[in-house]
Each structure stands twice: as structure tokens, then as C-alpha cells.
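Heads up, protein17.cif below (mmCIF, C-alpha atoms):
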```
data_structure
#
loop_
_atom_site.group_PDB
_atom_site.id
_atom_site.type_symbol
_atom_site.label_atom_id
_atom_site.label_comp_id
_atom_site.auth_asym_id
_atom_site.auth_seq_id
_atom_site.Cartn_x
_atom_site.Cartn_y
_atom_site.Cartn_z
ATOM 1 C CA MET A 120 24.389 52.273 43.279
ATOM 2 C CA SER A 121 23.081 55.678 42.140
ATOM 3 C CA ASP A 122 19.953 55.845 39.954
ATOM 4 C CA VAL A 123 22.050 57.083 36.996
ATOM 5 C CA ALA A 124 24.358 54.048 37.264
ATOM 6 C CA ALA A 125 21.313 51.779 37.764
ATOM 7 C CA ILE A 126 19.738 53.037 34.509
ATOM 8 C CA GLN A 127 23.019 52.406 32.632
ATOM 9 C CA ASN A 128 23.093 48.904 34.153
ATOM 10 C CA LEU A 129 19.462 48.335 33.041
ATOM 11 C CA VAL A 130 20.339 49.367 29.451
ATOM 12 C CA GLN A 131 23.174 46.783 29.366
ATOM 13 C CA LYS A 132 21.070 44.028 30.966
ATOM 14 C CA GLN A 133 18.112 44.492 28.624
ATOM 15 C CA LYS A 134 20.440 44.361 25.583
ATOM 16 C CA ALA A 135 21.787 41.033 26.885
ATOM 17 C CA LEU A 136 18.181 39.898 27.542
ATOM 18 C CA LYS A 137 17.140 40.626 23.946
ATOM 19 C CA GLU A 138 20.228 38.767 22.620
ATOM 20 C CA GLU A 139 19.291 35.771 24.793
ATOM 21 C CA ILE A 140 15.688 35.799 23.521
ATOM 22 C CA ALA A 141 16.930 36.093 19.899
ATOM 23 C CA LYS A 142 18.670 32.693 20.291
ATOM 24 C CA ILE A 143 15.196 31.101 20.120
ATOM 25 C CA ILE A 144 12.823 33.754 18.722
ATOM 26 C CA VAL A 145 13.533 34.929 15.180
ATOM 27 C CA GLY A 146 12.442 38.528 14.432
ATOM 28 C CA GLN A 147 9.338 39.811 16.306
ATOM 29 C CA ASP A 148 11.560 42.623 17.727
ATOM 30 C CA ASP A 149 8.630 44.962 18.316
ATOM 31 C CA VAL A 150 6.673 42.259 20.191
ATOM 32 C CA VAL A 151 9.658 41.338 22.396
ATOM 33 C CA ASN A 152 10.270 45.040 23.050
ATOM 34 C CA GLN A 153 6.684 45.602 24.228
ATOM 35 C CA ILE A 154 6.750 42.507 26.497
ATOM 36 C CA VAL A 155 10.039 43.711 28.049
ATOM 37 C CA LEU A 156 8.516 47.201 28.502
ATOM 38 C CA SER A 157 5.486 45.642 30.181
ATOM 39 C CA ILE A 158 7.611 43.526 32.550
ATOM 40 C CA PHE A 159 9.887 46.344 33.730
ATOM 41 C CA SER A 160 6.821 48.611 34.120
ATOM 42 C CA GLY A 161 5.191 45.941 36.297
ATOM 43 C CA GLY A 162 2.255 45.481 33.886
ATOM 44 C CA HIS A 163 0.540 42.581 32.117
ATOM 45 C CA ALA A 164 0.369 41.945 28.374
ATOM 46 C CA LEU A 165 -2.175 40.395 25.997
ATOM 47 C CA LEU A 166 -0.674 38.778 22.872
ATOM 48 C CA VAL A 167 -3.101 38.655 19.952
ATOM 49 C CA GLY A 168 -2.129 36.501 16.987
ATOM 50 C CA VAL A 169 -3.150 33.540 14.830
ATOM 51 C CA PRO A 170 -1.942 30.038 15.840
ATOM 52 C CA GLY A 171 1.653 29.053 15.128
ATOM 53 C CA LEU A 172 3.351 32.427 15.656
ATOM 54 C CA ALA A 173 5.364 31.153 18.677
ATOM 55 C CA LYS A 174 3.392 33.089 21.302
ATOM 56 C CA THR A 175 3.785 30.337 23.925
ATOM 57 C CA LEU A 176 7.437 29.739 22.996
ATOM 58 C CA MET A 177 8.130 33.474 23.284
ATOM 59 C CA VAL A 178 6.678 33.720 26.814
ATOM 60 C CA ASN A 179 8.530 30.559 27.873
ATOM 61 C CA THR A 180 11.837 31.889 26.468
ATOM 62 C CA ILE A 181 11.419 35.299 28.113
ATOM 63 C CA SER A 182 10.653 33.733 31.519
ATOM 64 C CA GLN A 183 13.777 31.527 31.226
ATOM 65 C CA ALA A 184 15.963 34.505 30.269
ATOM 66 C CA LEU A 185 14.534 36.513 33.194
ATOM 67 C CA GLY A 186 15.253 33.615 35.552
ATOM 68 C CA LEU A 187 11.640 33.541 36.770
ATOM 69 C CA ASP A 188 9.245 30.756 37.728
ATOM 70 C CA PHE A 189 6.803 30.088 34.869
ATOM 71 C CA LYS A 190 3.422 28.320 34.727
ATOM 72 C CA ARG A 191 1.158 27.763 31.730
ATOM 73 C CA ILE A 192 -2.625 27.560 32.149
ATOM 74 C CA GLN A 193 -4.554 26.275 29.152
ATOM 75 C CA PHE A 194 -7.909 28.044 29.240
ATOM 76 C CA THR A 195 -10.794 25.751 28.197
ATOM 77 C CA PRO A 196 -14.610 26.036 28.525
ATOM 78 C CA ASP A 197 -14.645 23.638 31.513
ATOM 79 C CA LEU A 198 -11.802 25.331 33.464
ATOM 80 C CA MET A 199 -12.885 26.289 37.000
ATOM 81 C CA PRO A 200 -11.568 29.204 39.166
ATOM 82 C CA SER A 201 -10.106 26.621 41.598
ATOM 83 C CA ASP A 202 -8.013 25.196 38.708
ATOM 84 C CA ILE A 203 -6.247 28.575 38.599
ATOM 85 C CA LEU A 204 -6.221 29.727 42.220
ATOM 86 C CA GLY A 205 -6.017 26.415 44.098
ATOM 87 C CA SER A 206 -8.420 24.879 46.580
ATOM 88 C CA GLU A 207 -8.775 23.688 50.147
ATOM 89 C CA ILE A 208 -8.706 19.937 50.756
ATOM 90 C CA LEU A 209 -9.304 17.815 53.841
ATOM 91 C CA ASP A 210 -6.013 16.181 54.851
ATOM 92 C CA GLU A 211 -5.400 12.973 56.886
ATOM 93 C CA SER A 212 -5.802 14.828 60.202
ATOM 94 C CA ARG A 213 -9.267 16.009 59.047
ATOM 95 C CA SER A 214 -8.194 19.666 58.905
ATOM 96 C CA PHE A 215 -8.358 21.907 55.848
ATOM 97 C CA LYS A 216 -5.149 22.400 53.925
ATOM 98 C CA PHE A 217 -4.708 24.855 51.045
ATOM 99 C CA LEU A 218 -3.213 23.478 47.829
ATOM 100 C CA LYS A 219 -1.783 26.348 45.758
ATOM 101 C CA GLY A 220 -2.860 26.602 42.125
ATOM 102 C CA PRO A 221 -0.681 27.619 39.157
ATOM 103 C CA ILE A 222 -1.396 31.348 39.827
ATOM 104 C CA PHE A 223 1.338 31.141 42.507
ATOM 105 C CA SER A 224 4.162 31.726 40.064
ATOM 106 C CA ASN A 225 6.100 34.734 38.713
ATOM 107 C CA ILE A 226 4.968 34.550 35.079
ATOM 108 C CA ILE A 227 1.564 33.122 34.176
ATOM 109 C CA LEU A 228 0.891 32.242 30.552
ATOM 110 C CA ALA A 229 -2.897 32.367 30.221
ATOM 111 C CA ASP A 230 -3.163 30.482 26.932
ATOM 112 C CA GLU A 231 -6.245 31.314 24.798
ATOM 113 C CA ILE A 232 -7.771 33.298 27.657
ATOM 114 C CA ASN A 233 -11.019 33.924 25.743
ATOM 115 C CA ARG A 234 -11.875 30.200 25.626
ATOM 116 C CA THR A 235 -13.086 30.128 29.226
ATOM 117 C CA PRO A 236 -16.342 31.572 30.681
ATOM 118 C CA PRO A 237 -16.323 34.984 32.436
ATOM 119 C CA LYS A 238 -16.574 33.314 35.883
ATOM 120 C CA THR A 239 -13.143 31.740 35.367
ATOM 121 C CA GLN A 240 -11.662 34.765 33.579
ATOM 122 C CA ALA A 241 -12.639 36.800 36.653
ATOM 123 C CA ALA A 242 -10.437 34.568 38.831
ATOM 124 C CA LEU A 243 -7.479 36.454 37.345
ATOM 125 C CA LEU A 244 -8.828 39.955 38.080
ATOM 126 C CA GLU A 245 -7.823 40.225 41.747
ATOM 127 C CA ALA A 246 -4.438 38.599 41.075
ATOM 128 C CA MET A 247 -3.681 41.037 38.229
ATOM 129 C CA GLN A 248 -4.679 44.153 40.154
ATOM 130 C CA GLU A 249 -3.879 43.397 43.806
ATOM 131 C CA LYS A 250 -1.074 40.816 43.319
ATOM 132 C CA ALA A 251 -3.028 38.695 45.830
ATOM 133 C CA VAL A 252 -5.894 36.166 45.843
ATOM 134 C CA THR A 253 -8.726 35.478 48.292
ATOM 135 C CA ILE A 254 -9.735 31.846 48.717
ATOM 136 C CA ALA A 255 -12.293 30.603 51.290
ATOM 137 C CA GLY A 256 -11.977 33.914 53.151
ATOM 138 C CA HIS A 257 -8.174 33.754 53.375
ATOM 139 C CA HIS A 258 -5.975 36.391 51.704
ATOM 140 C CA TYR A 259 -2.807 35.079 50.036
ATOM 141 C CA LYS A 260 -0.085 37.397 48.680
ATOM 142 C CA LEU A 261 1.512 36.326 45.396
ATOM 143 C CA ASP A 262 5.284 36.175 44.973
ATOM 144 C CA LEU A 263 6.731 39.227 43.241
ATOM 145 C CA PRO A 264 7.476 39.972 40.458
ATOM 146 C CA PHE A 265 4.128 38.752 39.051
ATOM 147 C CA PHE A 266 2.997 39.039 35.413
ATOM 148 C CA VAL A 267 0.133 37.648 33.400
ATOM 149 C CA LEU A 268 0.954 37.211 29.713
ATOM 150 C CA ALA A 269 -2.236 36.076 27.988
ATOM 151 C CA THR A 270 -2.713 34.893 24.412
ATOM 152 C CA GLN A 271 -5.769 35.234 22.214
ATOM 153 C CA ASN A 272 -6.574 33.975 18.717
ATOM 154 C CA PRO A 273 -8.286 36.798 16.734
ATOM 155 C CA ILE A 274 -9.742 34.689 13.912
ATOM 156 C CA GLU A 275 -11.514 31.743 15.523
ATOM 157 C CA GLN A 276 -14.429 33.098 17.549
ATOM 158 C CA GLU A 277 -16.508 29.911 17.765
ATOM 159 C CA GLY A 278 -16.823 28.731 21.360
ATOM 160 C CA THR A 279 -15.111 31.816 22.809
ATOM 161 C CA TYR A 280 -16.158 34.358 25.431
ATOM 162 C CA PRO A 281 -15.072 37.953 24.663
ATOM 163 C CA LEU A 282 -12.945 39.453 27.431
ATOM 164 C CA PRO A 283 -14.949 41.957 29.509
ATOM 165 C CA GLU A 284 -13.723 45.565 29.283
ATOM 166 C CA ALA A 285 -12.745 45.479 32.993
ATOM 167 C CA GLN A 286 -10.451 42.536 32.304
ATOM 168 C CA LEU A 287 -8.983 44.067 29.127
ATOM 169 C CA ASP A 288 -8.242 47.299 30.998
ATOM 170 C CA ARG A 289 -5.978 45.392 33.402
ATOM 171 C CA PHE A 290 -3.603 44.526 30.575
ATOM 172 C CA MET A 291 -1.035 47.265 30.154
ATOM 173 C CA PHE A 292 -0.296 46.302 26.528
ATOM 174 C CA ALA A 293 -2.289 44.561 23.810
ATOM 175 C CA ILE A 294 0.374 43.307 21.402
ATOM 176 C CA LYS A 295 -0.414 42.214 17.852
ATOM 177 C CA LEU A 296 1.712 39.467 16.326
ATOM 178 C CA ASP A 297 2.017 39.335 12.544
ATOM 179 C CA TYR A 298 3.376 36.642 10.239
ATOM 180 C CA PRO A 299 7.183 36.640 9.914
ATOM 181 C CA SER A 300 8.827 38.029 6.770
ATOM 182 C CA PHE A 301 10.011 35.563 4.095
ATOM 183 C CA ALA A 302 13.646 35.737 5.310
ATOM 184 C CA GLU A 303 12.575 35.292 8.961
ATOM 185 C CA GLU A 304 10.411 32.280 8.101
ATOM 186 C CA VAL A 305 13.328 30.676 6.239
ATOM 187 C CA GLN A 306 15.448 31.235 9.374
ATOM 188 C CA VAL A 307 12.718 29.724 11.602
ATOM 189 C CA VAL A 308 12.475 26.595 9.445
ATOM 190 C CA LYS A 309 16.285 26.208 9.371
ATOM 191 C CA SER A 310 16.643 26.521 13.134
ATOM 192 C CA THR A 311 13.695 24.317 14.141
ATOM 193 C CA THR A 312 14.112 21.305 11.862
ATOM 194 C CA THR A 313 17.509 20.080 13.095
ATOM 195 C CA ASP A 314 18.599 18.303 16.283
ATOM 196 C CA PHE A 315 20.543 21.368 17.481
ATOM 197 C CA THR A 316 19.251 22.664 20.827
ATOM 198 C CA VAL A 317 19.873 26.108 22.282
ATOM 199 C CA LYS A 318 20.120 26.837 25.999
ATOM 200 C CA VAL A 319 18.696 30.097 27.329
ATOM 201 C CA ASN A 320 20.677 31.494 30.268
ATOM 202 C CA PRO A 321 18.892 33.245 33.157
ATOM 203 C CA LEU A 322 20.192 36.835 33.445
ATOM 204 C CA PHE A 323 18.219 38.278 36.369
ATOM 205 C CA THR A 324 17.127 37.428 39.893
ATOM 206 C CA SER A 325 13.589 38.201 41.120
ATOM 207 C CA GLN A 326 14.970 40.923 43.395
ATOM 208 C CA GLU A 327 16.845 42.594 40.506
ATOM 209 C CA ILE A 328 13.622 42.854 38.492
ATOM 210 C CA ILE A 329 11.760 44.323 41.507
ATOM 211 C CA ASP A 330 14.624 46.836 42.015
ATOM 212 C CA PHE A 331 14.467 47.885 38.348
ATOM 213 C CA GLN A 332 10.662 48.309 38.598
ATOM 214 C CA GLN A 333 11.110 50.569 41.647
ATOM 215 C CA LEU A 334 13.890 52.489 39.868
ATOM 216 C CA ILE A 335 11.516 53.202 36.952
ATOM 217 C CA ARG A 336 8.844 54.531 39.341
ATOM 218 C CA ARG A 337 11.444 56.969 40.767
ATOM 219 C CA ILE A 338 12.194 58.483 37.330
ATOM 220 C CA PRO A 339 10.981 62.121 37.242
ATOM 221 C CA VAL A 340 8.504 63.236 34.556
ATOM 222 C CA ALA A 341 7.966 66.815 33.383
ATOM 223 C CA ASP A 342 4.441 68.196 33.845
ATOM 224 C CA ASN A 343 4.058 68.861 30.113
ATOM 225 C CA VAL A 344 4.671 65.144 29.362
ATOM 226 C CA ILE A 345 2.027 64.064 31.911
ATOM 227 C CA GLU A 346 -0.407 66.638 30.490
ATOM 228 C CA TYR A 347 0.310 65.359 26.960
ATOM 229 C CA ALA A 348 -0.483 61.755 28.029
ATOM 230 C CA VAL A 349 -3.733 62.781 29.747
ATOM 231 C CA THR A 350 -4.718 64.918 26.723
ATOM 232 C CA LEU A 351 -4.050 61.960 24.408
ATOM 233 C CA VAL A 352 -6.354 59.719 26.487
ATOM 234 C CA SER A 353 -9.015 62.451 26.836
ATOM 235 C CA LYS A 354 -9.100 62.803 23.033
ATOM 236 C CA THR A 355 -10.250 59.158 22.729
ATOM 237 C CA ARG A 356 -13.513 59.906 24.600
ATOM 238 C CA PRO A 357 -16.235 60.891 22.090
ATOM 239 C CA ASP A 358 -18.104 63.065 24.613
ATOM 240 C CA ASN A 359 -14.951 64.971 25.673
ATOM 241 C CA LEU A 360 -14.426 68.577 24.524
ATOM 242 C CA LEU A 361 -10.976 67.597 23.146
ATOM 243 C CA ALA A 362 -12.392 64.841 20.907
ATOM 244 C CA THR A 363 -12.160 65.544 17.164
ATOM 245 C CA ALA A 364 -14.997 64.971 14.672
ATOM 246 C CA TYR A 365 -13.075 61.870 13.478
ATOM 247 C CA ILE A 366 -13.146 60.349 16.985
ATOM 248 C CA LYS A 367 -16.842 61.177 17.471
ATOM 249 C CA ASN A 368 -17.563 59.587 14.108
ATOM 250 C CA TYR A 369 -15.788 56.266 14.703
ATOM 251 C CA LEU A 370 -15.614 55.575 18.458
ATOM 252 C CA ASP A 371 -18.329 54.547 20.931
ATOM 253 C CA TRP A 372 -16.096 54.618 24.015
ATOM 254 C CA GLY A 373 -12.653 55.926 24.879
ATOM 255 C CA ALA A 374 -9.912 54.901 27.326
ATOM 256 C CA GLY A 375 -10.141 55.386 31.100
ATOM 257 C CA PRO A 376 -7.669 56.896 33.601
ATOM 258 C CA ARG A 377 -5.704 53.624 33.826
ATOM 259 C CA ALA A 378 -4.570 54.296 30.235
ATOM 260 C CA SER A 379 -3.033 57.640 31.332
ATOM 261 C CA GLN A 380 -1.211 55.937 34.233
ATOM 262 C CA ASN A 381 0.076 53.181 31.943
ATOM 263 C CA LEU A 382 1.198 55.675 29.267
ATOM 264 C CA ILE A 383 3.432 57.477 31.789
ATOM 265 C CA LEU A 384 4.778 54.268 33.379
ATOM 266 C CA ALA A 385 5.580 52.718 29.992
ATOM 267 C CA ALA A 386 7.086 56.023 28.731
ATOM 268 C CA LYS A 387 9.377 56.060 31.798
ATOM 269 C CA THR A 388 10.426 52.466 31.054
ATOM 270 C CA ASN A 389 10.943 53.231 27.361
ATOM 271 C CA ALA A 390 13.143 56.203 28.277
ATOM 272 C CA ALA A 391 15.176 54.159 30.817
ATOM 273 C CA LEU A 392 15.720 51.256 28.388
ATOM 274 C CA ASN A 393 17.088 53.796 25.891
ATOM 275 C CA GLY A 394 19.455 55.309 28.466
ATOM 276 C CA LYS A 395 17.439 58.495 29.102
ATOM 277 C CA TYR A 396 16.838 59.807 32.618
ATOM 278 C CA SER A 397 13.394 61.278 31.981
ATOM 279 C CA PRO A 398 10.725 60.531 29.347
ATOM 280 C CA ASP A 399 9.611 63.025 26.708
ATOM 281 C CA ILE A 400 6.596 63.222 24.388
ATOM 282 C CA GLU A 401 8.271 60.871 21.862
ATOM 283 C CA ASP A 402 8.404 58.170 24.568
ATOM 284 C CA VAL A 403 4.658 58.545 25.185
ATOM 285 C CA GLN A 404 3.973 58.258 21.438
ATOM 286 C CA ALA A 405 6.250 55.200 21.169
ATOM 287 C CA VAL A 406 4.115 53.213 23.635
ATOM 288 C CA ALA A 407 0.671 54.699 22.884
ATOM 289 C CA THR A 408 -0.573 52.189 20.274
ATOM 290 C CA GLY A 409 -0.039 49.088 22.446
ATOM 291 C CA ILE A 410 -1.601 50.801 25.463
ATOM 292 C CA LEU A 411 -4.665 52.330 23.764
ATOM 293 C CA ARG A 412 -5.454 49.634 21.165
ATOM 294 C CA HIS A 413 -7.615 47.479 23.483
ATOM 295 C CA ARG A 414 -9.132 50.373 25.435
ATOM 296 C CA ILE A 415 -11.002 52.129 22.642
ATOM 297 C CA ILE A 416 -14.279 50.703 21.344
ATOM 298 C CA LYS A 417 -15.077 51.305 17.675
ATOM 299 C CA ASN A 418 -18.635 51.697 16.390
ATOM 300 C CA TYR A 419 -20.290 49.857 13.489
ATOM 301 C CA LYS A 420 -19.318 52.697 11.102
ATOM 302 C CA ALA A 421 -15.589 52.147 11.749
ATOM 303 C CA ASP A 422 -16.024 48.399 11.150
ATOM 304 C CA ALA A 423 -18.005 49.000 7.950
ATOM 305 C CA GLU A 424 -15.351 51.369 6.581
ATOM 306 C CA GLY A 425 -12.419 49.147 7.598
ATOM 307 C CA ILE A 426 -11.003 51.694 10.072
ATOM 308 C CA SER A 427 -8.578 49.977 12.469
ATOM 309 C CA GLU A 428 -7.718 50.945 16.057
ATOM 310 C CA GLU A 429 -4.186 51.782 14.892
ATOM 311 C CA MET A 430 -5.489 54.248 12.289
ATOM 312 C CA ILE A 431 -7.643 55.958 14.941
ATOM 313 C CA ILE A 432 -4.722 56.183 17.426
ATOM 314 C CA LYS A 433 -2.442 57.718 14.746
ATOM 315 C CA THR A 434 -4.894 60.631 14.322
ATOM 316 C CA LEU A 435 -4.511 61.461 18.048
ATOM 317 C CA PHE A 436 -0.883 62.516 17.580
#
```
What is this structure when it is put down as C-alpha cells?
Amino acid sequence: MSDVAAIQNLVQKQKALKEEIAKIIVGQDDVVNQIVLSIFSGGHALLVGVPGLAKTLMVNTISQALGLDFKRIQFTPDLMPSDILGSEILDESRSFKFLKGPIFSNIILADEINRTPPKTQAALLEAMQEKAVTIAGHHYKLDLPFFVLATQNPIEQEGTYPLPEAQLDRFMFAIKLDYPSFAEEVQVVKSTTTDFTVKVNPLFTSQEIIDFQQLIRRIPVADNVIEYAVTLVSKTRPDNLLATAYIKNYLDWGAGPRASQNLILAAKTNAALNGKYSPDIEDVQAVATGILRHRIIKNYKADAEGISEEMIIKTLF
């Protein structure tokens, strides 16, 4: 199949995927769109929202519709790295045998990731970056495709451990979930308070998803689009010559080079999902908020004046 035909096939398949997800998830189109972008780009996503917004249900539904193996890890203060990665045990023949942990799955839902200490959070770092884990000196490759979709509650900070910047930077998207509209909430209540059950059909194989990810990496990008993405990221750094007075006034730190890489990858995916064969500046702008939101660090002045990350990112355009 030629790349042009493959992109047309991807457009059709992702439309079917969104229809399948909509059987269970009411509304939240922007959130679903960003998760799908993240998956086909080969990135990870952090879902930030108050309890009860169907974050777990959404990840579960998406993994079913993608036809992928799914594991949920509930992050708690007493969770150990071995509870995620697995551990070596002594079997009957008195030799060490490795028992795989839940990380050996295609989609990992890291539920309330900020409830566990940094030591355990760090157990995910190698898996997210290298798609492999090292246990007792042995290197184990993870099955591909591999995604971490983590959830975080923004309001309850008691007994939580903020995610280190190095960990946050490994998430391609930080996705904010808001309350549903009145009409959507009515629809949710109608569909969830009866005995009617909906079956989600798997639409992809693991190999198909890997092929689509490789297809997206082959998409050509014009130099001016790459330069635009790098300029956008450079503008977030207060000590950079491109930074405006507004940025210097409200930001302590800007985004690193991984943000530029992710902007281009996600822009390619956004273009492909919309049937285009190369991304343009509009595609970069379409994905910029989710990619930069968790990579810029506001100062006390921004907090005092109620300036949000989204407002700062809008000024960059």
C-alpha cells in the first residue's frame, strides 16, 4: 500500500475509532482527539481532571477499541517499584524466575500517578523513554505499541507527591478534562442508569498501530514549519532572545527540546488524521497547548494575577 493510500486508510479507521469510543464516552471530543493523537504519534498522555469525569473509563474504552492489552495500576503511597515492574522469585528448583509486573502490557493506566513517592514514579521513566525495563541487571524489552496514560486529580493535593519535571517532560500531552455540558450530563445519566450494555469492538491489531506510527514518521515536513515549532518553544524560555516581556514577566522556566520534537510529531499526526500529506503551521498551533501546558513553569506573579498556562501559550502565536 502506498503512503497516500495508507493515510486515507488511517483517516477512515480513526473516524470509526471515534464512533466506537462515542458509544461509551459522551462528549469530551477534544480529550479523545488528543489521546488518539498521542497514541498514533507514539507518545504518552497525562489526563488532569477532578474525580468522576470518566478518565479511567475513557482509557479502558480506547484500549478496547484499539484492540490492545490494558492494565490499570492504582498508585498509592505504599506502592513499590517491583509492584509495577515485576520481581524475581525463587522457584521450586531453587533458581530465580522473573515474574512480569503490570508494566508488560500495551496500554498502562497509571491511576492518580501523583499519589506515590518519587522512587516509585521513577520506575516508569525508563519504560516511557526506552520502551524497556532493567530488573536485577537484566534488560527486558516491552511489547509494542506501548503507552502510559496517567491520571491526576488537580484539586486534592493532600498526601500527594508532585511529578518531577523530568517525568512530566516524558508525557507528550497534558490533557485537561472539564465538566460535561448540561446536555452531555443528561445524556450520561440516561445511558448509565439502565441495564443496557454496550459492546466496544476492537478495530486495530498491534501491528497496524505500529505501521501507522511508522507511516507518520515518514511524513515530510517543510523547513519553515520545523523552524516555526522551534521558535515557538524558544519563545517560552525567559532568558532567550526571542522571549517577549510578557513571558519574562510570568515564566520561571520554558520548555526543552523534547517539546519541539513532540510539536512536529503531533503536527504530522494531526495532518494525517485530517487527510493531509504534510503538516503546516496551523497543525503545530492545533497541538501546541496540550504539548506546552505542562512544560512551562509559571512564577508567583502569574499565580497571583490568575494567569493560566493556556493564556501564556496563546500569546506565543
Counting all atoms listed in the file, closest pick from A:Leu156, A:Ile227, A:Ile366, A:Ala378 relative to Asn418 in chain A is A:Ile366
Give me the result of the PyMOL selection byres ((chain A and resi 229) around 7) on this file, residue by residue, as a tab-separated table (two decimals) with C-alpha atoms, in the coordinates of the input.
```tsv
chain	number	residue	atom	x	y	z
A	191	ARG	CA	1.16	27.76	31.73
A	192	ILE	CA	-2.62	27.56	32.15
A	193	GLN	CA	-4.55	26.28	29.15
A	194	PHE	CA	-7.91	28.04	29.24
A	227	ILE	CA	1.56	33.12	34.18
A	228	LEU	CA	0.89	32.24	30.55
A	230	ASP	CA	-3.16	30.48	26.93
A	231	GLU	CA	-6.24	31.31	24.80
A	232	ILE	CA	-7.77	33.30	27.66
A	267	VAL	CA	0.13	37.65	33.40
A	268	LEU	CA	0.95	37.21	29.71
A	269	ALA	CA	-2.24	36.08	27.99
A	270	THR	CA	-2.71	34.89	24.41
```
All residues 10 Å or closer to Ile222 in chain A, all atoms listed in the file, same chain fewer than 4 positions away omitted, as a ChimeraX atom specification: /A:189-192,202-205,226-229,242-243,246,251-252,261-262,265-267
Run through the PyMOL selection byres ((chain A and resi 350) around 12) on the given coordinates and return the selected residues as a list in words.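 Expected selection for the PyMOL selection byres ((chain A and resi 350) around 12) here is Asn343, Val344, Ile345, Glu346, Tyr347, Ala348, Val349, Leu351, Val352, Ser353, Lys354, Thr355, Arg356, Asn359, Leu360, Leu361, Ala362, Ala374, Gly375, Pro376, Ala378, Ser379, Leu382, Ile400, Val403, Leu435 and Phe436 of chain A.
For the residues A:Thr180, A:Gln240, A:Thr388, A:Thr408, ranking by smallest atom-to-atom distance to Ile143 in chain A using all atoms listed in the file places A:Thr180 first.
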I'd like the residues picked by the PyMOL selection byres ((chain A and resi 332-337) around 6) written out as a compact mmCIF listing (two decimals) with C-alpha atoms, in the frame of the given file, using the chain letters and numbers from the file.
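What landed in part.txt:
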```txt
# COMPACT_ATOMS: atom_id res chain seq x y z
CA PHE A 159 9.89 46.34 33.73
CA SER A 160 6.82 48.61 34.12
CA ILE A 329 11.76 44.32 41.51
CA ASP A 330 14.62 46.84 42.02
CA PHE A 331 14.47 47.88 38.35
CA ILE A 338 12.19 58.48 37.33
```
Quote the spacing between CA of Val406 in chain A and CA of Pro264 in chain A in Å to one decimal place.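 So the two atoms, CA of Val406 in chain A and CA of Pro264 in chain A, lie 21.7 Å apart.
We find CA of Gln133 in chain A and CA of Ser310 in chain A to be spaced 23.8 Å apart.
In terms of minimum interatomic distance to Ile140 in chain A, A:Val317 ranks closest within A:Ala391, A:Val308, A:Ile426, A:Val317, counting all atoms listed in the file.
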Between A:Val167, A:Leu185, A:Met247, A:Ala124, which residue has the minimum interatomic distance to Lys295 in chain A, considering all atoms listed in the file?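 Of all the options, A:Val167 lies closest to Lys295 in chain A.
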What's the separation between CA of Leu176 in chain A and CA of Glu284 in chain A, in Å to one decimal place?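 Interatomic distance here is 27.2 Å.
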Closest to Leu172 in chain A among A:Ser121, A:Ser224, A:Thr312, A:Asn272, using only C-alpha atoms?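 Among A:Ser121, A:Ser224, A:Thr312, A:Asn272, it is A:Asn272 that comes nearest to Leu172 in chain A.
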Identify, on the basis of all atoms listed in the file, every residue whose closest approach to Ser397 in chain A does not exceed 7 Å; exclude the query and any residue fewer than 4 positions from it along the same chain; express the result as a VMD selection string. chain A and resid 338 to 340 387 390
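Between Thr311 in chain A and the residues A:Val123, A:Ala385, A:Leu370, A:Val145, the shortest atom-to-atom distance, using all atoms listed in the file, involves A:Val145.
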